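Everything below concerns the one structure shown next.
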Amino acid sequence: MLNEIKRGIFFTLVTMVLLGGGYHVVLWGIGRVVFPEQAEGSLIRRDDSGVLGSRLIAQKFERPEYFHPRPSAVDFNAASTGGSNFGPSNPEYLKQVQERLEAITTREGVAASQVPSEMVTASGAGVDPHIPPAAAELQAARVANSRSLDLTGLRELITAHTEGPTFGLLGRRRVNVLELNLALDETFGTPAPADGTTPVEEQ
Amino acid sequence: MNTDYAAIVITILLTVATSTLLGGYMYRVFTGGHTWLDPILEPIERLVLRLTGVDPTEQQDWKSYSISLLISNVFMWLATWTIVTLQQYLPLNPDGIGNMAPTLAFNTISSFVTNTNLQHYSGETGLSYFSQMFTITFLQFVTAATGVAAAVATIRGLAGNRLTYLGNFYVDMTRATIRLFLPLAVLVAMLVMWQGTPQTFDGAATATTLEGAEQKIARGVTAGVVSIKQLGTNGGGYFGPNSTHPYENPTPLSNFIETWSITIIPMSMVVLLGYMACRRKLAVVIYATMLAIYLPMVVFGVAQEVGGNPAITAMGVDQSTGAMEGKEARFGAALSALWAVTTTVTSNGSVNAMHDSLTPLGGLMPLVGMWLNNIFGGVGVGFINMLIFVIVAVFVAGMMIGRTPEFLGKKVEAKEMKLASLALLWHPLAILVGTAVACYVWATTADPNGALTWLKNPGPHGFSEMLYEFSSATANNGSGFEGLGDNTAFWNISTGVVMLLSRYIPIIAPLALAASLAAKPAAPETAGSLRVDSATFGVTLWAVIVILGLLMFMPVAVLGPIAEHLALQ
């Protein structure tokens with residue numbers, strides 16, 4: 001029995017050091033060398049090397065000059081992510097969806113049937129970086145108006161930022177909202193700040 | 001949508017095809033054969049055994065094997081419990097996470113030691129990097145290996161002839177960890193890192209967004225956790241929302257790799273049985289029976305999610321891409337439904353969409369997967385559950401044709417049937433009694449103002465939340481209807497105890513059963529013997545699983561998901 005206890009303790013300690021420590025450190029080393037950008041979280045940096053965001057993490061966009069991401073149950077808090085966990089029949093939830101729908105149809109001036117379900121439902125983690133192309137198309141007129149742009153040029157930009165399924169097979173067609181908005185600023189200039197503060201220069 | 005269906009077919013076909021290869025590799029590993037990875041892995045394996053003080057030639061009978069299993073698990077529990085309750089004082093805590101509270105720590109450690117990975121905490125706010133490494137990752141490796149070791153010993157018992165010894169626990173355990181899980185985990189971690197999963201010791205990044213707001217972005221040693229959580233049917237995510245989080249599952253390609261990782265080892269276990277017991281036809285029959293339950297569940301689940309939420313269709317929204325609440329735009333409804341079924345039939349429990357927000361019948365599929373708990377099942381243990389159903393099916397078939405039930409030439413008698421029944425009946429007992437107690441506690445502590453207290457959703461869906469929690473704890477699955485406010489003393493303690501019992505009863509009873517069969521002489525099979533490697537037996541097995549496994553859950557299915565479905569129409 002004493003031997004059993006000894007083996008239990010030593011096996012725990014040895015494998016804990018090996019799998020908890022060694023394994024992670026080796027992977028960290030591989031990440032540093034082979035995938036340095038991904039390993040630190042696919043961050044996008046400004047000219048002054050401050051962090052602007054991550055291309056994998058949605059950030060909040062409310063201004064009319066930008067494309068908006070999907071609704072978030074955690075208000076885009078990337079330090080405490082999560083979904084709404086609303087069941088499909090919850091009256092409180094359905095009221096929320098209805099309110100989102102009304103807000104969108106009013107803001108974009110479109111009919112309910114033009115609104116893809118992604119834009120009225122909260123994403124799984126609350127930081128979904130993508131919207132379907134139809135959701136970008138939906139917002140194009142509003143963005144073009146508030147920036148006084150030609151709609152065709154804007155549509156070209158959306159098409160250029162639309163990703164298809166991987167190998168033509170895996171996943172949905174989608175647009176990365178942050179990357180699209182960055183490209184928007186790059187191509188057409190940063191919009192004047194709404195609240196009198198100076199615009200932040202980004203890369 | 002069409003590409004999604006093609007993607008699902010190809011994912012399943014590729015996983016089945018590769019499982020035949022990995023099954024062969026596992027056969028060589030567990031019978032002491034040589035593999036091409038030996039030059040790297042054999043020295044590590046020898047080192048672990050030497051430091052542990054194990055004589056690799058020592059053989060153990062089922063009792064000694066079970067004692068080693070239990071004692072090692074006790075020390076893993078104690079060591080990791082100490083870490084999470086003291087994590088504030090330990091290194092590698094850049095985001096300053098506090099110590100874990102006692103009942104939450106009891107639940108969390110019981111959850112991870114039993115390979116369940118039910119999480120009543122959220123990773124980015126509840127655990128330091130040190131805990132993620134030395135508690136979560138460590139347990140995700142060794143508990144998966146514990147399941148594989150138990151399954152390998154059970155197979156040896158079933159295949160053996162007048163056999164007393166089932167093998168050496170620590171040798172099986174070390175081989176499973178070092179030669180099976182470690183190389184696969186490194187490979188998968190590298191692939192998901194390539195796709196965008198972080199692996200960093202730096203703390204949360206602070207970003208200033210394009211609109212000028214501040215956004216804190218939690219990161220960490222994510223890639224190493226993601227790979228082993230998938231491969232070891234653990235399922236415990238690095239972040240709260242698991243593989244819905246873009247860092248845990250950045251692209252459709254990472255989603256494909258992770259879906260593959262969920263089922264590859266459970267599928268390979270069946271192939272391993274064919275090799276180890278020299279019964280390839282039996283393995284084919286079991287594999288086909290599992291597929292004949294899994295595939296219809298996938299088809300049904302996908303159809304539900306793609307069909308969308310009727311209440312939202314009624315608002316006039318374009319729901320052509322399906323029900324998207326709690327799902328990610330890059331995966332869509334179909335691939336999320338595939339994952340939901342796959343993760344619950346295998347007792348994995350990771351998610352790439354929030355299950356609480358699935359459509360009612362789409363959410364019934366994960367429940368069915370956990371109620372059966374043997375369609376591929378958890379690494380090792382799911383396969384053991386399947387063997388128990390095989391024994392019961394043999395018994396039922398034997399009774400039907402009026403012959404003494406035999407399995408692999410051994411008579412199945414009262415003692416074996418008692419052990420099989422014990423393993424089998426514990427499962428519905430824990431789920432149904434647990435849910436009943438939870439309903440009672442909820443009703444007696446109901447808020448006079450009509451607040452839902454620990455439930456997020458009213459009506460049948462609230463009932464489903466409690467049912468799901470106990471199904472998940474009992475099946476050692478770990479996914480949840482996460483709207484349930486489960487970090488309370490009641491939920492932490494009740495599900496903690498259920499997870500522990502539901503792990504060790506279905507491991508030890510089958511070991512005793514296998515040992516009992518192993519000790520018997522094998523009678524030569526004659527024309528009068530029951531052929532277990534025939535299509536007829538496969539159909540019998542399928543019917544026994546569906547009828548025995550599901551019928552007792554029919555009433556709760558009607559009260560929860562089915563009632564909600566009818567109300568939504």
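Residue numbers start at 1 in each chain; chains themselves are named A, B, ... in the order of the structure tokens; ligands are numbered from 1 in the order shown.
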
**Report entry** Residue set, region 78-155 of chain A restricted to helix (DSSP H, G or I), as a ChimeraX atom specification
**Finding:** /A:91-108,112-114,117-119,133-146,151-155

Store the residues of this selection in a file with N, CA and C atoms, as a short mmCIF file (atom, residue, chain, number, x, y, z; two decimals), in the first residue's frame.
data_model
loop_
_atom_site.label_atom_id
_atom_site.label_comp_id
_atom_site.auth_asym_id
_atom_site.auth_seq_id
_atom_site.Cartn_x
_atom_site.Cartn_y
_atom_site.Cartn_z
N PRO A 91 -39.51 34.94 -24.05
CA PRO A 91 -40.17 36.18 -24.49
C PRO A 91 -39.26 37.40 -24.39
N GLU A 92 -38.44 37.45 -23.33
CA GLU A 92 -37.52 38.58 -23.16
C GLU A 92 -36.55 38.65 -24.34
N TYR A 93 -36.08 37.46 -24.75
CA TYR A 93 -35.15 37.37 -25.87
C TYR A 93 -35.81 37.82 -27.17
N LEU A 94 -37.02 37.32 -27.41
CA LEU A 94 -37.69 37.64 -28.67
C LEU A 94 -38.01 39.13 -28.75
N LYS A 95 -38.25 39.74 -27.58
CA LYS A 95 -38.47 41.18 -27.55
C LYS A 95 -37.18 41.91 -27.97
N GLN A 96 -36.06 41.40 -27.45
CA GLN A 96 -34.77 42.01 -27.77
C GLN A 96 -34.48 41.92 -29.27
N VAL A 97 -34.78 40.75 -29.86
CA VAL A 97 -34.55 40.57 -31.29
C VAL A 97 -35.42 41.55 -32.09
N GLN A 98 -36.66 41.67 -31.66
CA GLN A 98 -37.59 42.58 -32.33
C GLN A 98 -37.06 44.03 -32.27
N GLU A 99 -36.54 44.41 -31.10
CA GLU A 99 -36.00 45.77 -30.95
C GLU A 99 -34.79 46.00 -31.86
N ARG A 100 -33.91 44.98 -31.90
CA ARG A 100 -32.74 45.10 -32.79
C ARG A 100 -33.19 45.25 -34.23
N LEU A 101 -34.19 44.46 -34.60
CA LEU A 101 -34.68 44.48 -35.98
C LEU A 101 -35.21 45.87 -36.33
N GLU A 102 -36.01 46.43 -35.39
CA GLU A 102 -36.57 47.76 -35.64
C GLU A 102 -35.48 48.80 -35.75
N ALA A 103 -34.47 48.70 -34.87
CA ALA A 103 -33.36 49.66 -34.92
C ALA A 103 -32.66 49.59 -36.26
N ILE A 104 -32.44 48.38 -36.76
CA ILE A 104 -31.71 48.22 -38.03
C ILE A 104 -32.54 48.71 -39.21
N THR A 105 -33.82 48.31 -39.25
CA THR A 105 -34.64 48.72 -40.40
C THR A 105 -34.77 50.24 -40.44
N THR A 106 -34.82 50.87 -39.25
CA THR A 106 -34.89 52.32 -39.22
C THR A 106 -33.57 52.94 -39.66
N ARG A 107 -32.48 52.44 -39.07
CA ARG A 107 -31.17 53.05 -39.33
C ARG A 107 -30.76 52.89 -40.79
N GLU A 108 -30.98 51.69 -41.34
CA GLU A 108 -30.51 51.43 -42.70
C GLU A 108 -31.59 51.70 -43.74
N ALA A 112 -37.52 44.29 -43.27
CA ALA A 112 -37.06 43.22 -42.37
C ALA A 112 -36.49 42.04 -43.16
N SER A 113 -37.08 41.76 -44.33
CA SER A 113 -36.65 40.59 -45.09
C SER A 113 -35.23 40.75 -45.64
N GLN A 114 -34.70 41.99 -45.62
CA GLN A 114 -33.33 42.21 -46.09
C GLN A 114 -32.30 42.05 -44.97
N SER A 117 -30.23 37.08 -40.37
CA SER A 117 -30.46 36.76 -38.96
C SER A 117 -29.22 37.01 -38.10
N GLU A 118 -28.02 36.98 -38.71
CA GLU A 118 -26.80 37.24 -37.95
C GLU A 118 -26.83 38.60 -37.27
N MET A 119 -27.53 39.58 -37.90
CA MET A 119 -27.48 40.95 -37.37
C MET A 119 -28.47 41.21 -36.24
N PRO A 133 -21.66 38.67 -45.97
CA PRO A 133 -21.62 39.74 -46.97
C PRO A 133 -22.94 40.50 -47.07
N ALA A 134 -24.05 39.81 -46.90
CA ALA A 134 -25.35 40.48 -46.99
C ALA A 134 -25.49 41.54 -45.91
N ALA A 135 -24.86 41.31 -44.75
CA ALA A 135 -24.95 42.28 -43.66
C ALA A 135 -24.09 43.50 -43.95
N ALA A 136 -23.01 43.33 -44.72
CA ALA A 136 -22.18 44.47 -45.12
C ALA A 136 -22.92 45.27 -46.19
N GLU A 137 -23.50 44.55 -47.14
CA GLU A 137 -24.27 45.18 -48.21
C GLU A 137 -25.41 46.03 -47.62
N LEU A 138 -26.02 45.48 -46.58
CA LEU A 138 -27.12 46.15 -45.89
C LEU A 138 -26.71 47.52 -45.35
N GLN A 139 -25.44 47.61 -44.89
CA GLN A 139 -24.99 48.84 -44.23
C GLN A 139 -24.30 49.81 -45.21
N ALA A 140 -24.09 49.33 -46.46
CA ALA A 140 -23.26 50.09 -47.39
C ALA A 140 -23.81 51.49 -47.67
N ALA A 141 -25.13 51.57 -47.88
CA ALA A 141 -25.72 52.85 -48.23
C ALA A 141 -25.53 53.86 -47.11
N ARG A 142 -25.73 53.43 -45.87
CA ARG A 142 -25.58 54.33 -44.72
C ARG A 142 -24.14 54.81 -44.58
N VAL A 143 -23.18 53.87 -44.74
CA VAL A 143 -21.77 54.24 -44.62
C VAL A 143 -21.40 55.22 -45.74
N ALA A 144 -21.86 54.92 -46.95
CA ALA A 144 -21.54 55.78 -48.10
C ALA A 144 -22.12 57.18 -47.90
N ASN A 145 -23.36 57.23 -47.41
CA ASN A 145 -24.00 58.52 -47.16
C ASN A 145 -23.25 59.35 -46.14
N SER A 146 -22.91 58.73 -45.00
CA SER A 146 -22.33 59.52 -43.93
C SER A 146 -20.90 59.93 -44.25
N LEU A 151 -21.22 54.77 -53.87
CA LEU A 151 -21.59 53.43 -53.39
C LEU A 151 -20.83 52.33 -54.12
N THR A 152 -20.53 52.54 -55.42
CA THR A 152 -19.84 51.50 -56.18
C THR A 152 -18.46 51.22 -55.61
N GLY A 153 -17.73 52.30 -55.30
CA GLY A 153 -16.39 52.13 -54.75
C GLY A 153 -16.43 51.38 -53.43
N LEU A 154 -17.44 51.69 -52.64
CA LEU A 154 -17.59 51.05 -51.34
C LEU A 154 -17.89 49.56 -51.51
N ARG A 155 -18.76 49.28 -52.48
CA ARG A 155 -19.12 47.87 -52.74
C ARG A 155 -17.89 47.07 -53.19
#

Requested in this report: Find the residues around Val302 (chain B) up to 9 Å (only C-alpha atoms counted), leave out those fewer than 5 positions away in its own chain, and share them as a list in words.
Outcome: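 So the residues in contact are Met297, Gly307, Ala333, Ala334, Leu335, Ser336, Ala337, Leu338, Val341 and Gly362 of chain B.
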
How close does region 279-365 of chain B get to region 59-79 of chain A? List, as JSON lines, each residue of region 279-365 of chain B within 10 Å, its nearest atom pair and the distance in Å to one decimal, counting only C-alpha atoms.
{"residue": "B:Glu325", "atom": "CA", "partner": "A:Pro71", "partner_atom": "CA", "distance": 9.7}
{"residue": "B:Gly326", "atom": "CA", "partner": "A:Ala73", "partner_atom": "CA", "distance": 9.2}
{"residue": "B:Glu328", "atom": "CA", "partner": "A:Arg70", "partner_atom": "CA", "distance": 9.5}
{"residue": "B:Ala329", "atom": "CA", "partner": "A:Arg70", "partner_atom": "CA", "distance": 8.8}

Query raised in the report: Looking at A:Ile158, A:Val127, A:Leu184, A:Ala192, which one is nearest to chain B, with distances taken over only C-alpha atoms?
Result: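 When distances to chain B are compared using only C-alpha atoms, the smallest one comes from A:Val127.
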
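Taking only C-alpha atoms into account, Pro129 (chain A) lies nearest to A:Ala58 out of the set A:Ala58, A:Leu13, A:Val25, A:Met1.
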
Report task. From region 180-317 of chain B, collect each residue whose DSSP state is strand (DSSP E) and return the set as an MDAnalysis selection string. Result -> chainID B and resid 205:208 214:217

Please write the residues from the selection above to a file, keeping C-alpha atoms, as a PDB file, in the first residue's frame.
ATOM      1  CA  ALA B 205      -3.577  43.124 -24.338  1.00  0.00           C
ATOM      2  CA  THR B 206      -5.037  46.591 -23.951  1.00  0.00           C
ATOM      3  CA  ALA B 207      -6.219  48.030 -27.232  1.00  0.00           C
ATOM      4  CA  THR B 208      -7.517  51.457 -28.171  1.00  0.00           C
ATOM      5  CA  GLU B 214     -10.406  50.899 -24.562  1.00  0.00           C
ATOM      6  CA  GLN B 215     -10.691  47.135 -25.065  1.00  0.00           C
ATOM      7  CA  LYS B 216      -8.930  44.575 -22.890  1.00  0.00           C
ATOM      8  CA  ILE B 217      -8.276  41.352 -24.783  1.00  0.00           C
TER       9      ILE B 217
END

Requested in this report: Extract, using only C-alpha atoms, all DNA, RNA and protein residues at most 6 Å from Gln199 (chain B), discarding same-chain residues fewer than 2 positions from it, and format them as a PyMOL selection string.
Outcome: (chain A and resi 28+39) or (chain B and resi 220-223)

Query raised in the report: Near Arg45 (chain A), counting only C-alpha atoms, which residues have an atom at most 10 Å away, once you skip same-chain residues fewer than 4 positions from it, shown as a ChimeraX atom specification?
Result: /A:49-54,202-203 /B:207-208

Report task. Determine, counting only C-alpha atoms, which protein, DNA and RNA residues have an atom within 12 Å of an atom of Leu295 (chain B); residues of the same chain fewer than 6 positions away are not included. Present the result as a PyMOL selection string. Result -> chain B and resi 8-9+12-13+287-289+301-302+338+341-342+345+365+369+375

**Report entry** Residue with smallest distance to chain A - pool B:Leu37, B:Val381, B:Ile228, B:Leu432, counting only C-alpha atoms
**Finding:**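 Residue with the minimum atom-to-atom distance to chain A: B:Ile228.
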
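If you measure from each of A:Gly87, A:Leu149, A:Thr15, A:Ala183 to Pro561 (chain B) using only C-alpha atoms, the closest one turns out to be A:Gly87.
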
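Straight-line separation from CA of Ala145 (chain B) to CA of Met173 (chain B): 5.4 Å.
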
Query raised in the report: Counting only C-alpha atoms, which of B:Ala176, B:Leu517, B:Ala79, B:Val433 gets nearest to Glu45 (chain B)?
Result: B:Ala176

Query raised in the report: At what distance in Å, to one decimal, does CA of Thr177 (chain B) lie from CA of Asn99 (chain B)?
Result: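 Atom-to-atom, CA of Asn99 (chain B) and CA of Thr177 (chain B) are spaced 29.1 Å apart.
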